[in-house]
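Q: The following file, my_file.pdb, comprises PDB, C-alpha atoms, pLDDT in the B column:
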ATOM      1  CA  MET H  18       1.530 -19.500  11.468  1.00 84.00           C
ATOM      2  CA  LEU H  19       0.704 -15.818  11.898  1.00 95.00           C
ATOM      3  CA  LEU H  20      -0.871 -14.528  15.096  1.00 93.00           C
ATOM      4  CA  PRO H  21      -4.603 -13.737  14.992  1.00 89.00           C
ATOM      5  CA  CYS H  22      -4.355 -10.570  17.096  1.00 89.00           C
ATOM      6  CA  LEU H  23      -2.447  -8.655  19.749  1.00 93.00           C
ATOM      7  CA  HIS H  24      -5.456  -7.932  21.985  1.00 92.00           C
ATOM      8  CA  LYS H  25      -8.097 -10.661  22.048  1.00 90.00           C
ATOM      9  CA  ASP H  26     -10.566  -8.516  23.955  1.00 94.00           C
ATOM     10  CA  LEU H  27     -10.498  -5.598  21.494  1.00 97.00           C
ATOM     11  CA  ILE H  28     -11.779  -5.031  17.963  1.00 98.00           C
ATOM     12  CA  GLU H  29      -8.448  -4.759  16.206  1.00 98.00           C
ATOM     13  CA  ALA H  30      -7.698  -3.480  12.702  1.00 98.00           C
ATOM     14  CA  GLY H  31      -4.483  -4.297  10.871  1.00 98.00           C
ATOM     15  CA  CYS H  32      -3.063  -1.630   8.549  1.00 98.00           C
ATOM     16  CA  ASP H  33      -0.418  -1.684   5.827  1.00 98.00           C
ATOM     17  CA  GLU H  34       0.544   0.349   2.770  1.00 98.00           C
ATOM     18  CA  ALA H  35       1.831  -0.318  -0.739  1.00 98.00           C
ATOM     19  CA  GLY H  36       3.760   1.829  -3.175  1.00 97.00           C
ATOM     20  CA  ARG H  37       5.769   3.949  -0.780  1.00 96.00           C
ATOM     21  CA  GLY H  38       9.028   3.561  -2.728  1.00 95.00           C
ATOM     22  CA  CYS H  39       7.573   4.109  -6.197  1.00 97.00           C
ATOM     23  CA  LEU H  40       8.439   6.952  -8.551  1.00 97.00           C
ATOM     24  CA  ALA H  41       4.912   7.121  -9.942  1.00 98.00           C
ATOM     25  CA  GLY H  42       1.350   6.542  -8.866  1.00 98.00           C
ATOM     26  CA  ALA H  43      -0.634   6.886  -5.682  1.00 98.00           C
ATOM     27  CA  VAL H  44       0.246   5.257  -2.394  1.00 98.00           C
ATOM     28  CA  TYR H  45      -2.402   2.772  -1.248  1.00 98.00           C
ATOM     29  CA  ALA H  46      -3.181   1.522   2.238  1.00 98.00           C
ATOM     30  CA  ALA H  47      -5.664  -0.984   3.592  1.00 98.00           C
ATOM     31  CA  SER H  48      -7.212  -1.642   6.968  1.00 98.00           C
ATOM     32  CA  VAL H  49      -8.732  -5.005   7.852  1.00 98.00           C
ATOM     33  CA  ILE H  50     -10.669  -6.270  10.865  1.00 98.00           C
ATOM     34  CA  LEU H  51     -10.737 -10.063  11.068  1.00 97.00           C
ATOM     35  CA  PRO H  52     -12.767 -12.189  13.493  1.00 95.00           C
ATOM     36  CA  ALA H  53     -10.937 -12.569  16.820  1.00 88.00           C
ATOM     37  CA  ASP H  54     -10.483 -16.337  16.420  1.00 89.00           C
ATOM     38  CA  TYR H  55      -9.664 -16.182  12.703  1.00 94.00           C
ATOM     39  CA  GLN H  56      -7.260 -18.709  11.243  1.00 94.00           C
ATOM     40  CA  ASN H  57      -5.824 -18.957   7.756  1.00 95.00           C
ATOM     41  CA  ASP H  58      -2.562 -20.785   7.098  1.00 93.00           C
ATOM     42  CA  LEU H  59      -2.207 -19.215   3.649  1.00 94.00           C
ATOM     43  CA  LEU H  60      -2.229 -15.575   4.736  1.00 94.00           C
ATOM     44  CA  ASN H  61       1.221 -14.032   4.726  1.00 91.00           C
ATOM     45  CA  ASP H  62       3.183 -10.912   3.877  1.00 89.00           C
ATOM     46  CA  SER H  63       2.082 -10.031   0.326  1.00 91.00           C
ATOM     47  CA  LYS H  64       5.730  -9.830  -0.794  1.00 90.00           C
ATOM     48  CA  LYS H  65       6.143 -13.535  -0.007  1.00 93.00           C
ATOM     49  CA  LEU H  66       3.180 -14.564  -2.170  1.00 95.00           C
ATOM     50  CA  THR H  67       2.820 -14.980  -5.913  1.00 96.00           C
ATOM     51  CA  GLU H  68       0.530 -12.649  -7.823  1.00 95.00           C
ATOM     52  CA  ARG H  69      -2.023 -15.450  -8.219  1.00 97.00           C
ATOM     53  CA  GLN H  70      -1.933 -16.206  -4.494  1.00 97.00           C
ATOM     54  CA  ARG H  71      -2.415 -12.534  -3.615  1.00 97.00           C
ATOM     55  CA  TYR H  72      -5.500 -12.155  -5.785  1.00 98.00           C
ATOM     56  CA  ALA H  73      -6.999 -15.423  -4.544  1.00 98.00           C
ATOM     57  CA  LEU H  74      -6.426 -14.351  -0.942  1.00 98.00           C
ATOM     58  CA  ARG H  75      -7.925 -10.924  -1.602  1.00 98.00           C
ATOM     59  CA  GLU H  76     -11.244 -12.618  -2.289  1.00 98.00           C
ATOM     60  CA  VAL H  77     -10.902 -14.674   0.902  1.00 98.00           C
ATOM     61  CA  VAL H  78     -10.071 -11.613   3.012  1.00 98.00           C
ATOM     62  CA  GLU H  79     -12.958  -9.589   1.613  1.00 98.00           C
ATOM     63  CA  ARG H  80     -15.327 -12.475   2.278  1.00 98.00           C
ATOM     64  CA  ASP H  81     -14.133 -13.314   5.785  1.00 98.00           C
ATOM     65  CA  ALA H  82     -13.291  -9.900   7.246  1.00 98.00           C
ATOM     66  CA  LEU H  83     -15.675  -8.158   9.626  1.00 98.00           C
ATOM     67  CA  ALA H  84     -14.674  -4.960   7.839  1.00 98.00           C
ATOM     68  CA  TRP H  85     -12.085  -3.820   5.302  1.00 98.00           C
ATOM     69  CA  ALA H  86     -11.289  -0.671   3.371  1.00 98.00           C
ATOM     70  CA  VAL H  87      -8.664   0.857   1.099  1.00 98.00           C
ATOM     71  CA  GLY H  88      -7.310   4.404   1.323  1.00 98.00           C
ATOM     72  CA  ILE H  89      -5.511   6.299  -1.449  1.00 98.00           C
ATOM     73  CA  VAL H  90      -3.234   9.349  -1.543  1.00 98.00           C
ATOM     74  CA  LEU H  91      -2.526  10.738  -5.007  1.00 98.00           C
ATOM     75  CA  PRO H  92       0.895  11.765  -6.390  1.00 98.00           C
ATOM     76  CA  GLU H  93       0.169  15.484  -6.151  1.00 97.00           C
ATOM     77  CA  GLU H  94      -0.723  15.056  -2.487  1.00 98.00           C
ATOM     78  CA  ILE H  95       2.469  13.054  -1.918  1.00 97.00           C
ATOM     79  CA  ASP H  96       4.518  15.914  -3.367  1.00 97.00           C
ATOM     80  CA  LYS H  97       2.885  18.371  -0.959  1.00 97.00           C
ATOM     81  CA  ILE H  98       3.104  16.419   2.311  1.00 97.00           C
ATOM     82  CA  ASN H  99       5.946  13.889   1.616  1.00 96.00           C
ATOM     83  CA  ILE H 100       5.660  10.132   1.274  1.00 96.00           C
ATOM     84  CA  LEU H 101       5.845   9.292   4.988  1.00 97.00           C
ATOM     85  CA  ASN H 102       2.907  11.557   5.818  1.00 97.00           C
ATOM     86  CA  ALA H 103       1.117  10.331   2.709  1.00 98.00           C
ATOM     87  CA  SER H 104       1.464   6.731   3.907  1.00 98.00           C
ATOM     88  CA  PHE H 105      -0.060   7.664   7.259  1.00 98.00           C
ATOM     89  CA  LEU H 106      -2.844   9.612   5.530  1.00 98.00           C
ATOM     90  CA  ALA H 107      -3.661   6.648   3.273  1.00 98.00           C
ATOM     91  CA  MET H 108      -3.990   4.447   6.382  1.00 98.00           C
ATOM     92  CA  HIS H 109      -6.204   7.055   8.058  1.00 98.00           C
ATOM     93  CA  ARG H 110      -8.419   7.192   4.968  1.00 98.00           C
ATOM     94  CA  ALA H 111      -8.749   3.411   5.021  1.00 98.00           C
ATOM     95  CA  ILE H 112      -9.642   3.423   8.735  1.00 98.00           C
ATOM     96  CA  ASP H 113     -12.167   6.215   8.106  1.00 98.00           C
ATOM     97  CA  GLN H 114     -14.103   3.908   5.785  1.00 98.00           C
ATOM     98  CA  LEU H 115     -14.349   0.864   8.070  1.00 98.00           C
ATOM     99  CA  VAL H 116     -17.966  -0.035   8.777  1.00 98.00           C
ATOM    100  CA  VAL H 117     -16.904  -1.452  12.149  1.00 98.00           C
ATOM    101  CA  ARG H 118     -15.195   0.932  14.562  1.00 97.00           C
ATOM    102  CA  PRO H 119     -11.822  -0.465  15.692  1.00 98.00           C
ATOM    103  CA  GLN H 120     -10.711  -0.226  19.315  1.00 98.00           C
ATOM    104  CA  HIS H 121      -7.056  -0.791  18.516  1.00 98.00           C
ATOM    105  CA  LEU H 122      -4.838  -0.504  15.430  1.00 98.00           C
ATOM    106  CA  LEU H 123      -1.961  -2.771  14.449  1.00 98.00           C
ATOM    107  CA  ILE H 124       0.336  -0.813  12.137  1.00 98.00           C
ATOM    108  CA  ASP H 125       3.011  -2.340   9.930  1.00 97.00           C
ATOM    109  CA  GLY H 126       6.290  -0.501  10.462  1.00 96.00           C
ATOM    110  CA  ASN H 127       7.911   1.498  13.223  1.00 96.00           C
ATOM    111  CA  ARG H 128       6.153   4.857  12.888  1.00 96.00           C
ATOM    112  CA  PHE H 129       2.578   6.104  12.687  1.00 98.00           C
ATOM    113  CA  LYS H 130       0.636   9.318  13.152  1.00 98.00           C
ATOM    114  CA  SER H 131      -1.997   8.603  15.800  1.00 98.00           C
ATOM    115  CA  TYR H 132      -5.541   8.116  14.590  1.00 98.00           C
ATOM    116  CA  PRO H 133      -8.050  10.100  16.667  1.00 97.00           C
ATOM    117  CA  ASN H 134      -9.314   8.261  19.751  1.00 97.00           C
ATOM    118  CA  VAL H 135      -7.964   4.850  18.729  1.00 98.00           C
ATOM    119  CA  PRO H 136      -4.736   3.552  20.306  1.00 98.00           C
ATOM    120  CA  HIS H 137      -2.210   1.834  18.075  1.00 98.00           C
ATOM    121  CA  THR H 138       0.799  -0.459  18.164  1.00 98.00           C
ATOM    122  CA  THR H 139       3.489  -0.376  15.480  1.00 98.00           C
ATOM    123  CA  VAL H 140       5.004  -3.724  14.502  1.00 98.00           C
ATOM    124  CA  VAL H 141       8.183  -3.956  12.424  1.00 97.00           C
ATOM    125  CA  LYS H 142       7.598  -6.523   9.658  1.00 96.00           C
ATOM    126  CA  GLY H 143       4.097  -6.930  11.048  1.00 96.00           C
ATOM    127  CA  ASP H 144       2.794  -8.278   7.735  1.00 95.00           C
ATOM    128  CA  GLY H 145       4.765 -11.436   8.521  1.00 95.00           C
ATOM    129  CA  LYS H 146       3.563 -11.630  12.129  1.00 97.00           C
ATOM    130  CA  TYR H 147      -0.154 -10.761  12.339  1.00 97.00           C
ATOM    131  CA  LEU H 148      -2.993 -12.006  10.158  1.00 97.00           C
ATOM    132  CA  SER H 149      -4.797  -8.661  10.005  1.00 97.00           C
ATOM    133  CA  ILE H 150      -1.695  -6.803   8.820  1.00 97.00           C
ATOM    134  CA  ALA H 151      -0.952  -9.540   6.270  1.00 97.00           C
ATOM    135  CA  ALA H 152      -4.534  -9.240   5.022  1.00 97.00           C
ATOM    136  CA  ALA H 153      -4.135  -5.458   4.750  1.00 98.00           C
ATOM    137  CA  SER H 154      -0.866  -5.878   2.863  1.00 97.00           C
ATOM    138  CA  ILE H 155      -2.594  -8.124   0.318  1.00 98.00           C
ATOM    139  CA  LEU H 156      -5.444  -5.682  -0.259  1.00 98.00           C
ATOM    140  CA  ALA H 157      -3.165  -2.655  -0.523  1.00 98.00           C
ATOM    141  CA  LYS H 158      -0.815  -4.428  -2.930  1.00 98.00           C
ATOM    142  CA  THR H 159      -3.447  -5.895  -5.239  1.00 98.00           C
ATOM    143  CA  TYR H 160      -5.596  -2.767  -5.447  1.00 98.00           C
ATOM    144  CA  ARG H 161      -2.522  -0.681  -6.180  1.00 98.00           C
ATOM    145  CA  ASP H 162      -1.384  -3.181  -8.819  1.00 98.00           C
ATOM    146  CA  ASP H 163      -4.804  -2.911 -10.488  1.00 98.00           C
ATOM    147  CA  TYR H 164      -4.413   0.877 -10.521  1.00 98.00           C
ATOM    148  CA  MET H 165      -0.892   0.775 -11.989  1.00 98.00           C
ATOM    149  CA  ASN H 166      -2.035  -1.700 -14.649  1.00 98.00           C
ATOM    150  CA  ARG H 167      -4.716   0.829 -15.676  1.00 98.00           C
ATOM    151  CA  LEU H 168      -2.130   3.621 -15.817  1.00 98.00           C
ATOM    152  CA  HIS H 169       0.099   1.394 -17.969  1.00 98.00           C
ATOM    153  CA  GLU H 170      -2.604   1.382 -20.653  1.00 98.00           C
ATOM    154  CA  GLU H 171      -2.355   5.172 -20.733  1.00 97.00           C
ATOM    155  CA  TYR H 172       1.464   5.350 -20.629  1.00 98.00           C
ATOM    156  CA  PRO H 173       2.883   1.979 -21.753  1.00 98.00           C
ATOM    157  CA  VAL H 174       6.414   3.279 -22.358  1.00 98.00           C
ATOM    158  CA  TYR H 175       7.174   3.285 -18.604  1.00 98.00           C
ATOM    159  CA  ASP H 176       6.467  -0.462 -18.247  1.00 98.00           C
ATOM    160  CA  TRP H 177       4.209   0.028 -15.218  1.00 98.00           C
ATOM    161  CA  LYS H 178       2.487  -3.299 -15.826  1.00 97.00           C
ATOM    162  CA  ASP H 179       5.726  -4.950 -14.704  1.00 97.00           C
ATOM    163  CA  ASN H 180       7.465  -2.446 -12.419  1.00 97.00           C
ATOM    164  CA  LYS H 181       4.280  -0.951 -10.879  1.00 98.00           C
ATOM    165  CA  GLY H 182       6.000   2.427 -10.702  1.00 97.00           C
ATOM    166  CA  TYR H 183       9.112   1.295  -8.845  1.00 97.00           C
ATOM    167  CA  PRO H 184      12.526   2.704  -9.912  1.00 96.00           C
ATOM    168  CA  THR H 185      13.685   0.016 -12.318  1.00 96.00           C
ATOM    169  CA  LYS H 186      16.289   0.661 -14.994  1.00 95.00           C
ATOM    170  CA  VAL H 187      13.596   0.553 -17.707  1.00 96.00           C
ATOM    171  CA  HIS H 188      11.396   3.010 -15.825  1.00 97.00           C
ATOM    172  CA  ARG H 189      14.207   5.508 -15.214  1.00 95.00           C
ATOM    173  CA  GLU H 190      15.401   5.279 -18.813  1.00 96.00           C
ATOM    174  CA  ALA H 191      11.862   5.987 -20.042  1.00 96.00           C
ATOM    175  CA  ILE H 192      11.710   9.075 -17.825  1.00 96.00           C
ATOM    176  CA  ARG H 193      15.045  10.242 -19.239  1.00 95.00           C
ATOM    177  CA  LEU H 194      13.867   9.732 -22.826  1.00 95.00           C
ATOM    178  CA  HIS H 195      10.219  10.776 -22.604  1.00 96.00           C
ATOM    179  CA  GLY H 196       9.970  13.015 -19.558  1.00 95.00           C
ATOM    180  CA  ILE H 197       7.413  12.623 -16.820  1.00 96.00           C
ATOM    181  CA  THR H 198       3.663  12.056 -16.677  1.00 97.00           C
ATOM    182  CA  PRO H 199       1.034  13.607 -14.398  1.00 97.00           C
ATOM    183  CA  TYR H 200       1.351  10.448 -12.293  1.00 98.00           C
ATOM    184  CA  HIS H 201       5.041  10.852 -11.473  1.00 97.00           C
ATOM    185  CA  ARG H 202       6.037  12.076  -7.998  1.00 97.00           C
ATOM    186  CA  LYS H 203       7.988  15.262  -8.721  1.00 95.00           C
ATOM    187  CA  SER H 204       9.428  15.380  -5.217  1.00 93.00           C
ATOM    188  CA  PHE H 205      11.183  12.033  -5.762  1.00 93.00           C
ATOM    189  CA  ASN H 206      14.639  11.366  -7.206  1.00 90.00           C
ATOM    190  CA  LEU H 207      13.244  10.337 -10.570  1.00 92.00           C
ATOM    191  CA  LEU H 208      16.520   9.955 -12.453  1.00 88.00           C
ATOM    192  CA  GLY H 209      18.760   8.741  -9.674  1.00 82.00           C
ATOM    193  CA  ASP H 210      22.199  10.393  -9.920  1.00 66.00           C
ATOM    194  CA  ALA H 211      21.109  12.494 -12.881  1.00 52.00           C
ATOM    195  CA  GLN H 212      18.299  14.205 -10.983  1.00 46.00           C
ATOM    196  CA  LEU H 213      19.839  17.687 -11.059  1.00 42.00           C
ATOM    197  CA  SER H 214      19.986  17.732 -14.852  1.00 43.00           C
ATOM    198  CA  PHE H 215      16.300  16.953 -15.238  1.00 43.00           C
ATOM    199  CA  ASP H 216      14.008  19.821 -16.211  1.00 43.00           C
ATOM    200  CA  PHE H 217      10.441  19.570 -14.926  1.00 38.00           C
TER     201      PHE H 217
END
Written as structure tokens, that's how I'd like the structure from this file.
A:
Amino acid sequence: MLLPCLHKDLIEAGCDEAGRGCLAGAVYAASVILPADYQNDLLNDSKKLTERQRYALREVVERDALAWAVGIVLPEEIDKINILNASFLAMHRAIDQLVVRPQHLLIDGNRFKSYPNVPHTTVVKGDGKYLSIAAASILAKTYRDDYMNRLHEEYPVYDWKDNKGYPTKVHREAIRLHGITPYHRKSFNLLGDAQLSFDF
């Protein structure tokens, strides 16, 4: 059973990202504010759920949350500011859109760039410990999956419908054979060991 919150007396938003380790596509982040006494035995780290469970829970989270939002940072932005900063920026963009102002942020991971005037706590593997972070992980993952599925229609050779932009063998081989798309992150090691021989 995940914990409902860290601070019962504060309006607390959980934040998580998806797509940080991908070779292609935007990084997505979500921020979710749940009711202070919220309970849901099914909510968990999105990586521990099936695709069907994630999408079913997305509807539950969007219905039950006091506020929720998704932030996006595009590949060209990632190449300019690096993926760590892009992950923080995606979270900031999600927080910016919340219709309820949080008084505290619960961040999945061990690092975060402070959001103006809102204190935060980082929690390693927080998506398996706090309901609001788990909810954010589900939103970030499913909305990013939707996005990568759309990109797959445009560039099916990279198999994004299955790998979602992660560095699978099929994905890297497609890059080697067909080159890159506008959605690839040029600052990443796109070919693994063969990176230096690749001509952008």
Q: Applied to this file, what does the PyMOL selection byres ((chain H and resi 52-57) around 9) return in terms of residues, put as a PyMOL selection string?
A: chain H and resi 18-22+24-29+50-51+58-60+81-83+148
Q: Pick from H:Tyr160, H:Asp179, H:Gln70, H:Ser48: nearest to H:Val116, with only C-alpha atoms counted?
A: H:Ser48
Q: Can you turn the PyMOL selection byres ((chain H and resi 68) around 12) into a concrete residue list for this file, as a PyMOL selection string?
A: chain H and resi 63-67+69-75+155-156+158-160+162-163+179
Q: Write out as number ranges by chain each polymer residue whose atoms come within 8 Å of H:Ala35, counting only C-alpha atoms; drop sequence neighbours fewer than 3 positions from it.
A: H: 44-46, 154, 157-158, 161
Q: Considering all atoms listed in the file, can you say which of H:Arg80, H:Lys181, H:Arg167, H:Arg118 comes closest to H:Ala152?
A: H:Arg80
